[in-house]
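Below: the structure, in structure tokens.
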Amino acid sequence: MVLHMEKTAEKWVKSGKCDEWQEKWFEHYNATGKSEKWAHKWCSLDRNTPLDVGHAHVCHERVL
């Protein structure tokens, strides 16, 4: 039986062109079978990079 289990991660990348990407996530499980999860993702592209229609230079996503 699992009394408590927790997983976390943080990833970050930056290229030579000033593009950045970061992701953080968390998962927690307890003995009752309940879980808590969230993730936060963020990216930034060089302002001089041409983008396809509908895309942005900075984007955020948060999932709870």
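In the structure tokens, each chain is lettered A, B, ... as it comes, each chain's residues begin at 1, and ligands are numbered from 1 in order of appearance.
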- request: Find the spatial neighbours of stretch 34-39 of chain A, counting only C-alpha atoms, within a cut-off of 6 Å - ignore same-chain residues fewer than 2 positions away - and output them as a count of residues only.
  value: 11
task: Extract, using only C-alpha atoms, all DNA, RNA and protein residues at most 8 Å from A:Trp42, discarding same-chain residues fewer than 3 positions from it, and format them as a ChimeraX atom specification.
output: /A:21-23,58-61
message: Just the number, please: distance in Å from atom CA of A:Lys17 to atom CA of A:Leu51, one decimal.
response: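 Atom CA of A:Leu51 lies at a distance of 14.6 Å from atom CA of A:Lys17.
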query: Interatomic distance between atom CA of A:Glu20 and atom CA of A:Cys43?
result: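 Here the two named atoms are 5.5 Å from each other.
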- request: Determine which residues of chain A receive a DSSP assignment of strand (DSSP E or B), computed from the backbone, and state them as a PyMOL selection string.
  value: chain A and resi 4-14+20-30+35-44+58-63
task: Determine the nearest neighbour of A:Asp19 from the options A:Pro50, A:His57, A:Ser44, A:Leu3, counting only C-alpha atoms.
output: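 Smallest distance to A:Asp19 is found for A:Ser44.
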